[in-house]
$ cat input_32.cif   # mmCIF, C-alpha atoms
data_work
loop_
_atom_site.group_PDB
_atom_site.id
_atom_site.type_symbol
_atom_site.label_atom_id
_atom_site.label_comp_id
_atom_site.auth_asym_id
_atom_site.auth_seq_id
_atom_site.Cartn_x
_atom_site.Cartn_y
_atom_site.Cartn_z
ATOM 1 C CA MET D 596 -12.532 5.433 -23.125
ATOM 2 C CA ILE D 597 -11.542 2.048 -21.704
ATOM 3 C CA ALA D 598 -14.550 0.313 -20.090
ATOM 4 C CA PHE D 599 -15.059 -2.797 -18.000
ATOM 5 C CA GLU D 600 -15.882 -4.733 -21.180
ATOM 6 C CA ASP D 601 -12.337 -4.084 -22.509
ATOM 7 C CA LEU D 602 -10.583 -5.474 -19.427
ATOM 8 C CA THR D 603 -10.737 -9.148 -20.261
ATOM 9 C CA PRO D 604 -8.781 -11.852 -18.412
ATOM 10 C CA GLY D 605 -5.359 -12.484 -19.892
ATOM 11 C CA ARG D 606 -4.800 -8.958 -21.180
ATOM 12 C CA VAL D 607 -1.398 -7.586 -20.200
ATOM 13 C CA PHE D 608 -0.620 -3.882 -20.029
ATOM 14 C CA GLU D 609 2.877 -2.437 -19.988
ATOM 15 C CA LEU D 610 2.646 0.744 -17.940
ATOM 16 C CA GLY D 611 5.990 2.411 -18.608
ATOM 17 C CA SER D 612 8.892 3.059 -16.286
ATOM 18 C CA VAL D 613 10.218 5.420 -13.637
ATOM 19 C CA THR D 614 13.619 6.119 -12.116
ATOM 20 C CA VAL D 615 13.718 6.210 -8.316
ATOM 21 C CA ASP D 616 14.675 9.701 -7.152
ATOM 22 C CA ARG D 617 16.802 9.607 -4.031
ATOM 23 C CA ASP D 618 15.533 12.852 -2.495
ATOM 24 C CA GLU D 619 11.888 12.003 -3.083
ATOM 25 C CA MET D 620 12.397 8.456 -1.787
ATOM 26 C CA ILE D 621 13.884 9.772 1.465
ATOM 27 C CA ALA D 622 11.293 12.531 1.845
ATOM 28 C CA PHE D 623 8.519 9.951 1.461
ATOM 29 C CA ALA D 624 10.107 7.738 4.119
ATOM 30 C CA ARG D 625 10.574 10.677 6.481
ATOM 31 C CA ARG D 626 6.833 11.405 6.311
ATOM 32 C CA PHE D 627 5.301 7.921 6.140
ATOM 33 C CA ASP D 628 7.860 5.263 7.014
ATOM 34 C CA PRO D 629 10.769 6.701 9.038
ATOM 35 C CA GLN D 630 12.746 3.526 9.649
ATOM 36 C CA PRO D 631 16.531 4.043 9.745
ATOM 37 C CA PHE D 632 17.233 1.877 6.665
ATOM 38 C CA HIS D 633 14.852 4.072 4.620
ATOM 39 C CA LEU D 634 16.503 7.331 5.754
ATOM 40 C CA ASP D 635 20.199 6.836 6.175
ATOM 41 C CA GLU D 636 22.869 5.253 3.966
ATOM 42 C CA GLU D 637 24.864 3.718 6.835
ATOM 43 C CA ALA D 638 21.792 2.313 8.539
ATOM 44 C CA GLY D 639 20.740 0.882 5.178
ATOM 45 C CA GLN D 640 24.070 -0.824 4.660
ATOM 46 C CA ALA D 641 23.923 -2.378 8.128
ATOM 47 C CA SER D 642 20.377 -3.624 7.508
ATOM 48 C CA VAL D 643 19.082 -6.788 5.853
ATOM 49 C CA PHE D 644 18.655 -4.696 2.677
ATOM 50 C CA GLY D 645 22.373 -3.960 2.300
ATOM 51 C CA GLY D 646 21.780 -0.328 1.337
ATOM 52 C CA LEU D 647 19.512 2.680 1.726
ATOM 53 C CA ALA D 648 16.226 1.146 0.588
ATOM 54 C CA ALA D 649 12.934 2.708 -0.483
ATOM 55 C CA SER D 650 9.857 2.304 1.659
ATOM 56 C CA GLY D 651 7.701 -0.369 0.061
ATOM 57 C CA TRP D 652 4.823 2.112 0.159
ATOM 58 C CA PHE D 653 6.811 4.486 -2.007
ATOM 59 C CA THR D 654 7.353 1.697 -4.541
ATOM 60 C CA ALA D 655 3.620 0.949 -4.409
ATOM 61 C CA GLY D 656 2.950 4.639 -5.057
ATOM 62 C CA LEU D 657 5.282 4.692 -8.054
ATOM 63 C CA TRP D 658 3.497 1.696 -9.548
ATOM 64 C CA MET D 659 0.114 3.326 -8.856
ATOM 65 C CA ARG D 660 1.089 6.513 -10.656
ATOM 66 C CA LEU D 661 2.124 4.631 -13.787
ATOM 67 C CA TYR D 662 -1.101 2.594 -13.627
ATOM 68 C CA ILE D 663 -3.175 5.791 -13.420
ATOM 69 C CA ASP D 664 -1.277 7.513 -16.236
ATOM 70 C CA GLU D 665 -1.264 4.579 -18.618
ATOM 71 C CA LEU D 666 -4.605 2.926 -17.917
ATOM 72 C CA VAL D 667 -6.988 4.468 -15.391
ATOM 73 C CA SER D 668 -6.799 7.992 -16.825
ATOM 74 C CA LYS D 669 -8.008 6.545 -20.138
ATOM 75 C CA ALA D 670 -10.741 4.514 -18.457
ATOM 76 C CA ASP D 671 -13.868 4.999 -16.377
ATOM 77 C CA GLY D 672 -12.106 4.081 -13.129
ATOM 78 C CA LEU D 673 -14.274 3.920 -10.013
ATOM 79 C CA GLY D 674 -11.691 3.156 -7.311
ATOM 80 C CA SER D 675 -10.707 -0.020 -5.514
ATOM 81 C CA PRO D 676 -12.027 -1.880 -2.463
ATOM 82 C CA GLY D 677 -8.605 -3.481 -1.855
ATOM 83 C CA GLY D 678 -6.630 -6.590 -2.650
ATOM 84 C CA ASP D 679 -5.250 -9.869 -1.379
ATOM 85 C CA GLU D 680 -1.549 -9.612 -2.120
ATOM 86 C CA ILE D 681 1.121 -7.002 -1.671
ATOM 87 C CA ALA D 682 4.761 -8.051 -1.723
ATOM 88 C CA TRP D 683 8.203 -6.509 -1.846
ATOM 89 C CA PRO D 684 10.430 -9.454 -2.838
ATOM 90 C CA ALA D 685 13.595 -7.331 -3.208
ATOM 91 C CA PRO D 686 14.692 -3.930 -1.913
ATOM 92 C CA VAL D 687 14.539 -0.851 -4.166
ATOM 93 C CA PHE D 688 17.422 1.607 -4.235
ATOM 94 C CA ALA D 689 17.858 5.186 -5.403
ATOM 95 C CA GLY D 690 18.511 5.365 -9.142
ATOM 96 C CA ASP D 691 16.789 2.059 -9.887
ATOM 97 C CA HIS D 692 14.894 2.045 -13.162
ATOM 98 C CA LEU D 693 11.576 0.322 -12.526
ATOM 99 C CA PHE D 694 9.151 -1.005 -15.145
ATOM 100 C CA ALA D 695 5.474 -1.395 -14.251
ATOM 101 C CA SER D 696 3.092 -3.892 -15.739
ATOM 102 C CA MET D 697 -0.225 -5.537 -14.978
ATOM 103 C CA GLU D 698 -2.374 -8.420 -16.103
ATOM 104 C CA ILE D 699 -6.117 -8.869 -15.870
ATOM 105 C CA VAL D 700 -6.790 -12.141 -14.052
ATOM 106 C CA ALA D 701 -10.558 -12.029 -13.592
ATOM 107 C CA ALA D 702 -13.486 -9.770 -14.391
ATOM 108 C CA ARG D 703 -17.149 -9.876 -13.439
ATOM 109 C CA ARG D 704 -20.055 -7.498 -13.442
ATOM 110 C CA SER D 705 -21.363 -6.397 -10.044
ATOM 111 C CA SER D 706 -24.660 -8.185 -9.378
ATOM 112 C CA SER D 707 -26.090 -5.297 -7.365
ATOM 113 C CA LYS D 708 -24.687 -2.543 -9.636
ATOM 114 C CA PRO D 709 -24.677 -3.708 -13.284
ATOM 115 C CA TRP D 710 -22.999 -0.433 -14.314
ATOM 116 C CA MET D 711 -19.883 -1.492 -12.364
ATOM 117 C CA GLY D 712 -17.330 -4.124 -13.276
ATOM 118 C CA LEU D 713 -15.016 -5.701 -10.718
ATOM 119 C CA VAL D 714 -11.661 -6.458 -12.294
ATOM 120 C CA THR D 715 -8.997 -8.467 -10.487
ATOM 121 C CA LEU D 716 -5.513 -7.579 -11.609
ATOM 122 C CA ARG D 717 -1.961 -8.561 -10.899
ATOM 123 C CA ALA D 718 0.626 -5.795 -10.666
ATOM 124 C CA TRP D 719 4.392 -6.021 -11.046
ATOM 125 C CA MET D 720 7.326 -3.693 -10.853
ATOM 126 C CA ARG D 721 10.542 -5.061 -12.372
ATOM 127 C CA ARG D 722 14.017 -3.601 -12.123
ATOM 128 C CA GLY D 723 16.189 -2.839 -15.144
ATOM 129 C CA ALA D 724 13.937 -3.952 -17.979
ATOM 130 C CA ALA D 725 10.282 -4.632 -18.720
ATOM 131 C CA ASP D 726 10.985 -8.373 -18.966
ATOM 132 C CA SER D 727 13.483 -8.589 -16.094
ATOM 133 C CA ASP D 728 13.229 -11.390 -13.536
ATOM 134 C CA ASP D 729 14.167 -8.894 -10.820
ATOM 135 C CA VAL D 730 10.686 -8.264 -9.452
ATOM 136 C CA VAL D 731 10.664 -5.666 -6.650
ATOM 137 C CA TYR D 732 6.904 -5.241 -6.202
ATOM 138 C CA ARG D 733 3.941 -7.493 -6.705
ATOM 139 C CA ALA D 734 0.305 -6.932 -5.859
ATOM 140 C CA ARG D 735 -3.124 -8.337 -6.620
ATOM 141 C CA PHE D 736 -6.162 -6.186 -6.146
ATOM 142 C CA THR D 737 -9.613 -5.365 -7.476
ATOM 143 C CA GLY D 738 -10.308 -2.336 -9.609
ATOM 144 C CA MET D 739 -13.830 -1.074 -10.227
ATOM 145 C CA PHE D 740 -14.595 0.203 -13.723
ATOM 146 C CA GLY D 741 -17.632 1.644 -15.443
ATOM 147 C CA SER D 742 -19.489 -0.396 -18.036
ATOM 148 C CA ARG D 743 -20.077 0.639 -21.646
ATOM 149 C CA GLU D 744 -23.097 -1.622 -22.030
ATOM 150 C CA HIS D 745 -24.833 -0.541 -18.823
ATOM 151 C CA PRO D 746 -24.106 3.147 -18.200
ATOM 152 C CA ARG D 747 -24.401 4.360 -14.627
ATOM 153 C CA PRO D 748 -27.919 5.732 -14.053
ATOM 154 C CA MET K 223 13.641 -2.314 23.027
ATOM 155 C CA ILE K 224 10.710 -4.388 21.801
ATOM 156 C CA ALA K 225 11.885 -7.714 20.366
ATOM 157 C CA PHE K 226 10.254 -10.574 18.469
ATOM 158 C CA GLU K 227 9.721 -12.384 21.784
ATOM 159 C CA ASP K 228 7.446 -9.563 22.988
ATOM 160 C CA LEU K 229 5.137 -9.708 19.968
ATOM 161 C CA THR K 230 2.929 -12.576 21.033
ATOM 162 C CA PRO K 231 -0.351 -13.519 19.322
ATOM 163 C CA GLY K 232 -3.354 -11.745 20.766
ATOM 164 C CA ARG K 233 -1.508 -8.596 21.806
ATOM 165 C CA VAL K 234 -3.277 -5.430 20.666
ATOM 166 C CA PHE K 235 -1.527 -2.092 20.248
ATOM 167 C CA GLU K 236 -3.317 1.239 20.030
ATOM 168 C CA LEU K 237 -1.161 3.393 17.782
ATOM 169 C CA GLY K 238 -2.662 6.848 18.285
ATOM 170 C CA SER K 239 -4.540 9.053 15.861
ATOM 171 C CA VAL K 240 -4.124 11.548 13.038
ATOM 172 C CA THR K 241 -6.342 14.143 11.389
ATOM 173 C CA VAL K 242 -6.450 14.033 7.603
ATOM 174 C CA ASP K 243 -4.994 17.242 6.202
ATOM 175 C CA ARG K 244 -6.784 18.329 3.033
ATOM 176 C CA ASP K 245 -3.770 19.928 1.328
ATOM 177 C CA GLU K 246 -1.479 16.984 2.043
ATOM 178 C CA MET K 247 -4.151 14.498 0.976
ATOM 179 C CA ILE K 248 -4.546 16.256 -2.387
ATOM 180 C CA ALA K 249 -0.777 16.700 -2.885
ATOM 181 C CA PHE K 250 -0.274 12.973 -2.286
ATOM 182 C CA ALA K 251 -2.973 12.120 -4.826
ATOM 183 C CA ARG K 252 -1.542 14.535 -7.382
ATOM 184 C CA ARG K 253 1.817 12.716 -7.187
ATOM 185 C CA PHE K 254 0.794 9.080 -6.760
ATOM 186 C CA ASP K 255 -2.888 8.595 -7.506
ATOM 187 C CA PRO K 256 -4.256 11.416 -9.686
ATOM 188 C CA GLN K 257 -7.810 10.185 -10.137
ATOM 189 C CA PRO K 258 -10.410 13.001 -10.358
ATOM 190 C CA PHE K 259 -12.274 11.971 -7.172
ATOM 191 C CA HIS K 260 -8.987 12.274 -5.209
ATOM 192 C CA LEU K 261 -8.210 15.761 -6.577
ATOM 193 C CA ASP K 262 -11.393 17.704 -7.047
ATOM 194 C CA GLU K 263 -14.404 18.304 -4.817
ATOM 195 C CA GLU K 264 -16.974 18.223 -7.611
ATOM 196 C CA ALA K 265 -15.538 15.077 -9.148
ATOM 197 C CA GLY K 266 -15.562 13.511 -5.686
ATOM 198 C CA GLN K 267 -19.215 14.359 -5.137
ATOM 199 C CA ALA K 268 -20.156 12.859 -8.499
ATOM 200 C CA SER K 269 -18.207 9.672 -7.714
ATOM 201 C CA VAL K 270 -19.179 6.519 -5.846
ATOM 202 C CA PHE K 271 -17.431 8.050 -2.793
ATOM 203 C CA GLY K 272 -19.836 11.012 -2.537
ATOM 204 C CA GLY K 273 -17.040 13.497 -1.802
ATOM 205 C CA LEU K 274 -13.386 14.351 -2.329
ATOM 206 C CA ALA K 275 -11.802 11.149 -1.009
ATOM 207 C CA ALA K 276 -8.244 10.334 0.023
ATOM 208 C CA SER K 277 -6.171 7.929 -2.026
ATOM 209 C CA GLY K 278 -6.170 4.606 -0.212
ATOM 210 C CA TRP K 279 -2.375 4.672 -0.399
ATOM 211 C CA PHE K 280 -2.360 7.909 1.565
ATOM 212 C CA THR K 281 -4.485 6.270 4.248
ATOM 213 C CA ALA K 282 -2.077 3.312 4.259
ATOM 214 C CA GLY K 283 0.796 5.771 4.696
ATOM 215 C CA LEU K 284 -0.916 7.493 7.622
ATOM 216 C CA TRP K 285 -1.394 4.132 9.347
ATOM 217 C CA MET K 286 2.216 3.198 8.627
ATOM 218 C CA ARG K 287 3.555 6.391 10.192
ATOM 219 C CA LEU K 288 1.622 5.790 13.409
ATOM 220 C CA TYR K 289 2.826 2.160 13.456
ATOM 221 C CA ILE K 290 6.438 3.295 13.088
ATOM 222 C CA ASP K 291 6.128 6.004 15.739
ATOM 223 C CA GLU K 292 4.313 3.906 18.310
ATOM 224 C CA LEU K 293 5.827 0.479 17.790
ATOM 225 C CA VAL K 294 8.593 -0.010 15.231
ATOM 226 C CA SER K 295 10.711 2.915 16.435
ATOM 227 C CA LYS K 296 10.800 1.234 19.851
ATOM 228 C CA ALA K 297 11.590 -2.174 18.377
ATOM 229 C CA ASP K 298 14.255 -3.925 16.334
ATOM 230 C CA GLY K 299 12.236 -3.725 13.122
ATOM 231 C CA LEU K 300 13.722 -5.418 10.064
ATOM 232 C CA GLY K 301 11.212 -4.527 7.364
ATOM 233 C CA SER K 302 8.389 -6.467 5.747
ATOM 234 C CA PRO K 303 8.136 -8.928 2.841
ATOM 235 C CA GLY K 304 4.475 -8.039 2.274
ATOM 236 C CA GLY K 305 0.986 -9.102 3.214
ATOM 237 C CA ASP K 306 -2.183 -10.835 2.114
ATOM 238 C CA GLU K 307 -4.860 -8.240 2.743
ATOM 239 C CA ILE K 308 -5.281 -4.565 2.090
ATOM 240 C CA ALA K 309 -8.753 -3.060 2.128
ATOM 241 C CA TRP K 310 -10.419 0.312 2.076
ATOM 242 C CA PRO K 311 -13.987 -0.463 3.189
ATOM 243 C CA ALA K 312 -15.065 3.200 3.355
ATOM 244 C CA PRO K 313 -13.787 6.446 1.825
ATOM 245 C CA VAL K 314 -11.658 8.843 3.888
ATOM 246 C CA PHE K 315 -12.334 12.574 3.730
ATOM 247 C CA ALA K 316 -10.363 15.686 4.653
ATOM 248 C CA GLY K 317 -10.667 16.475 8.356
ATOM 249 C CA ASP K 318 -11.421 12.884 9.350
ATOM 250 C CA HIS K 319 -9.896 11.884 12.668
ATOM 251 C CA LEU K 320 -8.441 8.408 12.215
ATOM 252 C CA PHE K 321 -7.359 6.001 14.962
ATOM 253 C CA ALA K 322 -4.778 3.318 14.173
ATOM 254 C CA SER K 323 -4.497 -0.029 15.880
ATOM 255 C CA MET K 324 -3.005 -3.454 15.311
ATOM 256 C CA GLU K 325 -3.161 -6.965 16.658
ATOM 257 C CA ILE K 326 -0.566 -9.699 16.534
ATOM 258 C CA VAL K 327 -2.166 -12.750 14.928
ATOM 259 C CA ALA K 328 0.808 -15.099 14.563
ATOM 260 C CA ALA K 329 4.518 -15.171 15.276
ATOM 261 C CA ARG K 330 7.252 -17.642 14.423
ATOM 262 C CA ARG K 331 11.015 -17.656 14.338
ATOM 263 C CA SER K 332 12.655 -17.853 10.900
ATOM 264 C CA SER K 333 14.039 -21.365 10.431
ATOM 265 C CA SER K 334 16.946 -20.187 8.278
ATOM 266 C CA LYS K 335 17.661 -17.031 10.332
ATOM 267 C CA PRO K 336 16.996 -17.696 14.038
ATOM 268 C CA TRP K 337 17.792 -14.040 14.827
ATOM 269 C CA MET K 338 14.681 -13.009 12.890
ATOM 270 C CA GLY K 339 11.059 -13.340 13.910
ATOM 271 C CA LEU K 340 8.215 -13.249 11.408
ATOM 272 C CA VAL K 341 5.182 -11.595 12.938
ATOM 273 C CA THR K 342 1.803 -11.565 11.209
ATOM 274 C CA LEU K 343 -0.287 -8.597 12.202
ATOM 275 C CA ARG K 344 -3.673 -7.130 11.451
ATOM 276 C CA ALA K 345 -3.919 -3.389 11.005
ATOM 277 C CA TRP K 346 -6.957 -1.146 11.303
ATOM 278 C CA MET K 347 -7.743 2.495 10.886
ATOM 279 C CA ARG K 348 -11.056 3.586 12.418
ATOM 280 C CA ARG K 349 -12.829 6.908 12.005
ATOM 281 C CA GLY K 350 -13.933 9.079 14.916
ATOM 282 C CA ALA K 351 -12.843 6.961 17.871
ATOM 283 C CA ALA K 352 -10.435 4.162 18.722
ATOM 284 C CA ASP K 353 -13.355 1.741 19.185
ATOM 285 C CA SER K 354 -15.480 3.002 16.310
ATOM 286 C CA ASP K 355 -17.137 0.511 13.943
ATOM 287 C CA ASP K 356 -16.347 2.855 11.053
ATOM 288 C CA VAL K 357 -13.285 1.040 9.710
ATOM 289 C CA VAL K 358 -11.691 2.850 6.758
ATOM 290 C CA TYR K 359 -8.524 0.750 6.356
ATOM 291 C CA ARG K 360 -7.663 -2.845 7.061
ATOM 292 C CA ALA K 361 -4.501 -4.770 6.283
ATOM 293 C CA ARG K 362 -2.730 -7.981 7.194
ATOM 294 C CA PHE K 363 0.974 -8.283 6.656
ATOM 295 C CA THR K 364 4.182 -9.754 8.019
ATOM 296 C CA GLY K 365 6.696 -7.723 9.976
ATOM 297 C CA MET K 366 10.236 -8.962 10.609
ATOM 298 C CA PHE K 367 11.713 -8.244 14.025
ATOM 299 C CA GLY K 368 15.008 -8.953 15.727
ATOM 300 C CA SER K 369 15.223 -11.542 18.470
ATOM 301 C CA ARG K 370 16.387 -10.895 22.016
ATOM 302 C CA GLU K 371 17.311 -14.533 22.628
ATOM 303 C CA HIS K 372 19.275 -15.003 19.384
ATOM 304 C CA PRO K 373 21.028 -11.733 18.509
ATOM 305 C CA ARG K 374 21.947 -11.217 14.871
ATOM 306 C CA PRO K 375 25.504 -12.466 14.297
#
$ encode --input "input_32.cif" --output "structure tokens"
Amino acid sequence: MIAFEDLTPGRVFELGSVTVDRDEMIAFARRFDPQPFHLDEEAGQASVFGGLAASGWFTAGLWMRLYIDELVSKADGLGSPGGDEIAWPAPVFAGDHLFASMEIVAARRSSSKPWMGLVTLRAWMRRGAADSDDVVYRARFTGMFGSREHPRP
Amino acid sequence: MIAFEDLTPGRVFELGSVTVDRDEMIAFARRFDPQPFHLDEEAGQASVFGGLAASGWFTAGLWMRLYIDELVSKADGLGSPGGDEIAWPAPVFAGDHLFASMEIVAARRSSSKPWMGLVTLRAWMRRGAADSDDVVYRARFTGMFGSREHPRP
């Protein structure tokens, strides 16, 4: 089981990849983000995105799922209070092959709850390849993880 | 149609409310955020949340939908490059009645694209009442909106 003590600054995790499914992308937008350029090909082409584009929240969800599968499900994850960056530097389109990764940027033990570690991490989603410069999603947030040295009482 | 020129700093918009549906909340978590405390009542009760809690991304999606319905669908919305705060200060549970609101905190015209306004807004989701102190979601991000004075060429 991955614990707070394993999540040391500088560690990079490759989280695998996912292909954007057109039907799911549109269904997500219909429920949570029904803007014309997320729903309709013509509206997408007329928009600043130049095509039917995924809701950024769908892209965030795809990253999250890979993060859970590849890291949190193997760890003592305790949730997240939030973060201080979320960015969609380029639009995502149906059929895109997206690669998720993350890097630990800071880690400290909670002073009030020594059984909890607060880990700051950077998240990326890149298009086409794991080392592509075509970043479509970027975030920075805090994850809370259980400690091996100080088990929760 | 609401344009960039209408979105002046200080304006507050009440965006309506939504009740958290247990089945949808769990289905969302199963797809995007399958952590035990988002899927299972017992795991939720044993967690730091004290109950089966919604994925924060589901809460973000619920806010987004109200924002689209009450504001963006009546405006010339052009998407968002991202934001610099996203926070889940308290867990959300099935059956919660959540009230969405937002405030414009800054607005400027794009220097390279005068037909586009960049609007910084604060988002909130409160539990129980529109003026409740029980904030369960907070965000700050930039929305891009079309201009009435300088139509897109």
$ residues_around --input "input_32.cif" --residues "Tyr732 of chain D" --least-positions-apart "5" --cutoff "7 Å" --atoms "all atoms listed in the file" --output "mmCIF file with C-alpha atoms, in the frame of the given file"
data_model
loop_
_atom_site.group_PDB
_atom_site.id
_atom_site.type_symbol
_atom_site.label_atom_id
_atom_site.label_comp_id
_atom_site.auth_asym_id
_atom_site.auth_seq_id
_atom_site.Cartn_x
_atom_site.Cartn_y
_atom_site.Cartn_z
ATOM 1 C CA ALA D 682 4.761 -8.051 -1.723
ATOM 2 C CA TRP D 683 8.203 -6.509 -1.846
ATOM 3 C CA PRO D 684 10.430 -9.454 -2.838
ATOM 4 C CA TRP D 719 4.392 -6.021 -11.046
ATOM 5 C CA MET D 720 7.326 -3.693 -10.853
#
$ residues_around --input "input_32.cif" --residues "Asp255 of chain K" --least-positions-apart "6" --cutoff "10 Å" --atoms "all atoms listed in the file" --output "MDAnalysis selection string"
(chainID D and resid 656:664 667) or (chainID K and resid 248:249 261 276:280)
$ closest_residue --input "input_32.cif" --among "K:Glu264, K:Glu292, K:Glu227, K:Asp353" --to "chain D" --atoms "all atoms listed in the file"
K:Glu292
$ resolve_selection --input "input_32.cif" --expression "the PyMOL selection byres ((chain K and resi 314) around 9)" --output "list in words"
Val242, Phe271, Leu274, Ala275, Ala276, Ser277, Gly278, Thr281, Trp310, Ala312, Pro313, Phe315, Ala316, Gly317, Asp318, Leu320, Arg349 and Val358 of chain K
$ resolve_selection --input "input_32.cif" --expression "the PyMOL selection byres ((chain K and resi 300) around 8)" --output "compact mmCIF listing (two decimals) with C-alpha atoms, keeping the file's coordinate frame"
# COMPACT_ATOMS: atom_id res chain seq x y z
CA SER D 642 20.38 -3.62 7.51
CA VAL D 643 19.08 -6.79 5.85
CA ASP K 298 14.26 -3.92 16.33
CA GLY K 299 12.24 -3.72 13.12
CA GLY K 301 11.21 -4.53 7.36
CA SER K 302 8.39 -6.47 5.75
CA GLY K 365 6.70 -7.72 9.98
CA MET K 366 10.24 -8.96 10.61
CA PHE K 367 11.71 -8.24 14.02
CA GLY K 368 15.01 -8.95 15.73
$ atom_distance --input "input_32.cif" --atom1 "atom CA of Leu229 of chain K" --atom2 "atom CA of Val357 of chain K"
23.7 Å
$ closest_residue --input "input_32.cif" --among "D:Ala702, D:Met697, D:Val607, D:Ala734" --to "chain K" --atoms "all atoms listed in the file"
D:Ala734
$ atom_distance --input "input_32.cif" --atom1 "atom CA of His260 of chain K" --atom2 "atom CA of Asp306 of chain K"
25.2 Å
$ resolve_selection --input "input_32.cif" --expression "the PyMOL selection byres ((chain D and resi 715) around 12)" --output "MDAnalysis selection string"
chainID D and resid 599 602:606 675:680 697:704 712:714 716:718 734:740
$ build_atoms --input "input_32.cif" --residues "segment 232-237 of chain K" --atoms "all heavy atoms" --output "short mmCIF file (atom, residue, chain, number, x, y, z; two decimals), in the frame of the given file"
data_model
loop_
_atom_site.label_atom_id
_atom_site.label_comp_id
_atom_site.auth_asym_id
_atom_site.auth_seq_id
_atom_site.Cartn_x
_atom_site.Cartn_y
_atom_site.Cartn_z
N GLY K 232 -2.30 -12.26 19.90
CA GLY K 232 -3.35 -11.74 20.77
C GLY K 232 -3.07 -10.34 21.29
O GLY K 232 -4.01 -9.64 21.66
N ARG K 233 -1.81 -9.95 21.31
CA ARG K 233 -1.51 -8.60 21.81
C ARG K 233 -2.07 -7.54 20.85
O ARG K 233 -1.93 -7.64 19.64
CB ARG K 233 0.00 -8.36 21.94
CG ARG K 233 0.57 -8.91 23.22
CD ARG K 233 1.96 -8.35 23.50
NE ARG K 233 1.95 -6.99 24.05
CZ ARG K 233 3.04 -6.32 24.39
NH1 ARG K 233 4.24 -6.86 24.25
NH2 ARG K 233 2.94 -5.10 24.89
N VAL K 234 -2.70 -6.54 21.43
CA VAL K 234 -3.28 -5.43 20.67
C VAL K 234 -2.51 -4.16 21.02
O VAL K 234 -2.20 -3.93 22.20
CB VAL K 234 -4.78 -5.26 21.00
CG1 VAL K 234 -5.36 -4.02 20.34
CG2 VAL K 234 -5.55 -6.52 20.57
N PHE K 235 -2.20 -3.37 20.03
CA PHE K 235 -1.53 -2.09 20.25
C PHE K 235 -2.39 -0.96 19.69
O PHE K 235 -2.77 -1.01 18.52
CB PHE K 235 -0.17 -2.06 19.53
CG PHE K 235 0.83 -3.05 20.08
CD1 PHE K 235 0.82 -4.38 19.68
CD2 PHE K 235 1.80 -2.64 20.99
CE1 PHE K 235 1.75 -5.29 20.19
CE2 PHE K 235 2.73 -3.53 21.49
CZ PHE K 235 2.70 -4.87 21.10
N GLU K 236 -2.68 0.01 20.53
CA GLU K 236 -3.32 1.24 20.03
C GLU K 236 -2.19 2.16 19.60
O GLU K 236 -1.23 2.37 20.35
CB GLU K 236 -4.16 1.88 21.13
CG GLU K 236 -5.32 1.01 21.62
CD GLU K 236 -6.33 0.67 20.54
OE1 GLU K 236 -6.42 1.40 19.54
OE2 GLU K 236 -7.02 -0.36 20.69
N LEU K 237 -2.29 2.68 18.39
CA LEU K 237 -1.16 3.39 17.78
C LEU K 237 -1.37 4.91 17.69
O LEU K 237 -0.59 5.60 17.05
CB LEU K 237 -0.89 2.82 16.39
CG LEU K 237 -0.61 1.31 16.33
CD1 LEU K 237 -0.50 0.85 14.88
CD2 LEU K 237 0.64 0.94 17.11
#
